[in-house]
Each structure stands twice: as structure tokens, then as C-alpha cells.
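Pasting my_file00.txt here (compact mmCIF, C-alpha atoms):
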```
# COMPACT_ATOMS: atom_id res chain seq x y z
CA MET D 272 0.00 0.00 0.00
CA GLU D 273 2.99 2.34 0.31
CA GLY D 274 3.02 4.95 -2.43
CA THR D 275 -0.56 4.34 -3.53
CA THR D 276 -3.59 6.58 -3.24
CA GLN D 277 -6.87 5.19 -2.00
CA VAL D 278 -10.08 6.65 -3.42
CA LEU D 279 -13.18 6.51 -1.22
CA ASP D 280 -16.71 6.44 -2.58
CA ALA D 281 -19.50 8.69 -1.25
CA THR D 282 -21.04 6.04 1.04
CA THR D 283 -17.70 5.34 2.72
CA VAL D 284 -17.04 9.03 3.24
CA SER D 285 -20.49 9.63 4.75
CA TYR D 286 -20.02 6.61 7.02
CA ILE D 287 -16.60 7.84 8.20
CA ARG D 288 -17.99 11.33 8.80
CA ASP D 289 -20.65 10.01 11.20
CA VAL D 290 -18.52 7.54 13.18
CA PRO D 291 -17.79 8.89 16.68
CA VAL D 292 -14.23 9.12 17.94
CA THR D 293 -14.02 7.47 21.33
CA THR D 294 -10.51 6.99 22.67
CA THR D 295 -8.13 8.83 20.35
CA LYS D 296 -6.10 11.78 21.55
CA ILE D 297 -5.37 14.15 18.69
CA GLY D 298 -4.60 17.80 19.31
CA LYS D 299 -6.26 19.56 22.19
CA GLY D 300 -9.14 17.97 24.08
CA TYR D 301 -10.00 14.98 21.92
CA SER D 302 -9.51 12.18 24.42
CA ASN D 303 -12.70 10.27 25.30
CA THR D 304 -14.96 13.12 24.25
CA GLY D 305 -17.17 11.22 21.84
CA SER D 306 -16.77 13.97 19.24
CA SER D 307 -17.37 13.03 15.65
CA ILE D 308 -14.78 12.74 12.94
CA SER D 309 -16.44 15.56 11.02
CA ARG D 310 -15.75 17.88 13.96
CA LEU D 311 -12.14 16.77 13.98
CA ILE D 312 -11.86 17.33 10.23
CA ARG D 313 -13.32 20.84 10.53
CA GLU D 314 -10.87 21.63 13.33
CA VAL D 315 -7.90 20.37 11.32
CA LYS D 316 -9.02 22.32 8.23
CA ARG D 317 -9.47 25.49 10.29
CA ASN D 318 -6.02 25.17 11.86
CA THR D 319 -4.24 24.33 8.63
CA ALA D 320 -6.04 26.74 6.28
CA LYS D 321 -3.76 28.99 4.27
CA ARG D 322 -4.00 32.66 5.03
CA PHE D 323 -2.85 35.02 2.30
CA ASP D 324 -1.88 38.63 2.85
CA ALA D 325 -3.26 41.44 0.68
CA GLU D 326 -0.02 41.95 -1.27
CA TYR D 327 0.03 38.31 -2.33
CA LYS D 328 -3.61 38.44 -3.46
CA ILE D 329 -3.01 41.63 -5.45
CA ARG D 330 0.07 40.15 -7.10
CA VAL D 331 -1.82 37.02 -8.17
CA VAL D 332 -4.85 38.98 -9.46
CA LEU D 333 -2.67 41.41 -11.43
CA GLU D 334 -0.72 38.51 -12.90
CA GLY D 335 -4.03 37.03 -14.02
CA PHE D 336 -4.94 40.38 -15.63
CA ARG D 337 -1.81 40.28 -17.78
CA LYS D 338 -3.12 37.13 -19.53
CA GLU D 339 0.44 35.89 -20.10
CA ILE D 340 -0.61 32.46 -18.86
CA PRO D 341 -4.09 30.96 -18.45
CA VAL D 342 -5.81 31.45 -15.09
CA SER D 343 -5.93 27.70 -14.56
CA GLU D 344 -2.13 27.47 -14.98
CA LEU D 345 -1.61 30.47 -12.66
CA CYS D 346 -3.80 28.87 -10.00
CA ARG D 347 -1.97 25.56 -10.33
CA ARG D 348 1.38 27.32 -9.98
CA GLU D 349 0.23 29.32 -6.93
CA LYS D 350 -1.53 26.26 -5.45
CA ILE D 351 -4.91 27.94 -5.14
CA SER D 352 -8.25 26.94 -6.61
CA THR D 353 -9.72 28.91 -9.48
CA SER D 354 -12.74 29.77 -7.31
CA VAL D 355 -10.39 31.44 -4.81
CA TYR D 356 -8.75 33.40 -7.65
CA TYR D 357 -12.11 34.62 -8.96
CA LEU D 358 -13.22 35.56 -5.43
CA TRP D 359 -10.05 37.66 -5.05
CA LEU D 360 -10.65 39.18 -8.48
CA LYS D 361 -14.22 40.13 -7.51
CA GLU D 362 -13.05 41.71 -4.24
CA PHE D 363 -10.29 43.56 -6.10
CA MET D 364 -12.71 44.92 -8.71
CA GLU D 365 -15.28 45.97 -6.09
CA GLY D 366 -12.59 47.78 -4.12
CA GLY D 367 -11.43 49.61 -7.24
CA LYS D 368 -14.99 50.52 -8.20
CA ALA D 369 -15.67 51.93 -4.73
CA ARG D 370 -12.45 53.93 -4.87
CA LEU D 371 -13.33 55.38 -8.28
CA LYS D 372 -16.76 56.38 -6.98
CA GLY D 373 -15.02 58.42 -4.34
CA ALA D 374 -15.76 56.23 -1.37
CA THR D 375 -12.56 56.87 0.55
CA LEU D 376 -13.78 55.72 3.94
CA ARG D 377 -10.93 54.92 6.29
CA GLU D 378 -10.29 54.55 9.98
CA ALA D 379 -9.49 57.77 11.82
CA THR D 380 -6.25 58.02 13.77
CA LYS D 381 -6.20 58.67 17.52
CA ASP D 382 -4.94 62.23 16.98
CA GLU D 383 -7.78 62.96 14.58
CA THR D 384 -10.41 61.63 16.97
CA ASP D 385 -8.90 63.58 19.87
CA LYS D 386 -8.99 66.81 17.83
CA LEU D 387 -12.57 66.17 16.78
CA LYS D 388 -13.59 65.50 20.39
CA GLU D 389 -11.98 68.77 21.52
CA GLU D 390 -13.71 70.71 18.75
CA ASN D 391 -17.01 69.04 19.57
CA SER D 392 -16.83 69.95 23.25
CA ARG D 393 -15.77 73.53 22.39
CA LEU D 394 -18.74 73.90 20.02
CA LYS D 395 -21.13 72.44 22.60
CA GLU D 396 -19.85 74.90 25.18
CA LEU D 397 -20.28 77.78 22.73
CA ALA D 398 -23.82 76.64 21.85
CA GLY D 399 -24.64 76.41 25.55
CA GLU D 400 -23.35 79.92 26.21
CA GLN D 401 -25.36 81.31 23.31
CA ALA D 402 -28.50 79.52 24.50
CA LEU D 403 -28.00 81.01 27.98
CA GLU D 404 -27.45 84.51 26.58
CA LEU D 405 -30.59 84.16 24.45
CA PHE D 406 -32.57 83.00 27.47
CA LEU D 407 -31.34 85.93 29.57
CA PHE D 408 -32.07 88.38 26.74
CA LYS D 409 -35.63 87.09 26.36
CA LYS D 410 -36.10 87.24 30.12
CA ARG D 411 -35.02 90.88 30.22
CA LEU D 412 -37.42 91.76 27.39
CA LEU D 413 -40.36 90.17 29.15
CA TRP D 414 -39.78 91.82 32.54
```

Structure rendered as C-alpha cells:
Amino acid sequence: MEGTTQVLDATTVSYIRDVPVTTTKIGKGYSNTGSSISRLIREVKRNTAKRFDAEYKIRVVLEGFRKEIPVSELCRREKISTSVYYLWLKEFMEGGKARLKGATLREATKDETDKLKEENSRLKELAGEQALELFLFKKRLLW
């Protein structure tokens, strides 16, 4: 069996997915828990999933734009699925479209928020003073 690949049919896979794990200890907290294999598989997939940074995604998408090689070949070379590539392409295009529309929303820095808070409190104080002066002026007119 060494060096061979075993292919499982759908009934075998569904059977394996529903068989409970009883006494194996794999990773954290899997001894005698009765958790299913599907839970273990999800945990392993979550812990071993590739995480790509934005620069890598942009590089791959732009390389696909150049059309020097087919997208399928690019995805094979980068070891990603074509669906992942097209998801990145969609996100890239939506980001560019939003930017061209003028949607330049970004997070404010701490200094900017501090300045805005100071200005806000100063304007509130000024509005309060003006409201008081107006009240006193009306009071004088009525008496």
C-alpha cells in the first residue's frame, strides 16, 4: 500500500464522517470526548487553512490580468483553486470601483479623533453659552 492513493466512494465518506471518535487523543481535548470525525476534520481544516496577505492576493490577481498564462495554470502554480482566484478578483474589482466612486472611507487616527472630540466639546460649550445669553435676553425683554 505504500506509495498508492486510496479513493473513497461517497457512502464510505459519509459513514466515516458520522462515526464517533471514542478513545483517540489528537490535538487539544480529543480524548474520550465522543466527538465526531467531522468535527475533527473541521478543526484540522481550520487550523491548517492557508492565510494570504493582501499583497500576495493583489500580485496574483494582477498577474491574471496580464493574460500571459491561463488562469488555470496560474492557480496551479500558486496552489490555489480557481474559485479562490475569482473571489479575489471580484473583491479587487469591487474595491477599485468603490475607490473610483469616491468612497474613501478609512479609519481615523487617535490624533484625529482627539482633535474632533476637543472641537465638539468647544462647540457644545459655545452653543450652551449662546443659549444662555438668548434666554437671559428674552427674560429681560419680558420683565

Coordinates of box centre and edge lengths for stretch 390-394 of chain D, 6 Å on every side, axis-aligned, as JSON:
```
{"center_x": -16.2, "center_y": 71.5, "center_z": 21.0, "size_x": 17.0, "size_y": 16.9, "size_z": 16.5}
```

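From atom CA of D:Gly367 back to atom CA of D:Thr380, the distance works out to 23.2 Å.
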
### Message
Please compute the atom CA of D:Pro341-atom CA of D:Leu358 distance, one decimal, in Å.
### Response
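Separating atom CA of D:Pro341 from atom CA of D:Leu358 is a distance of 16.6 Å.
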
### atom CA of D:Arg310 to atom CA of D:Ser352, distance in Å rounded to a single decimal
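So the two atoms, atom CA of D:Arg310 and atom CA of D:Ser352, lie 23.7 Å apart.
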
### Distance query D:Tyr327 at most 12 Å, all atoms listed in the file, self and fewer than 4 positions along chain excluded, as a PyMOL selection string
chain D and resi 322-323+331-334+349+351+356+359
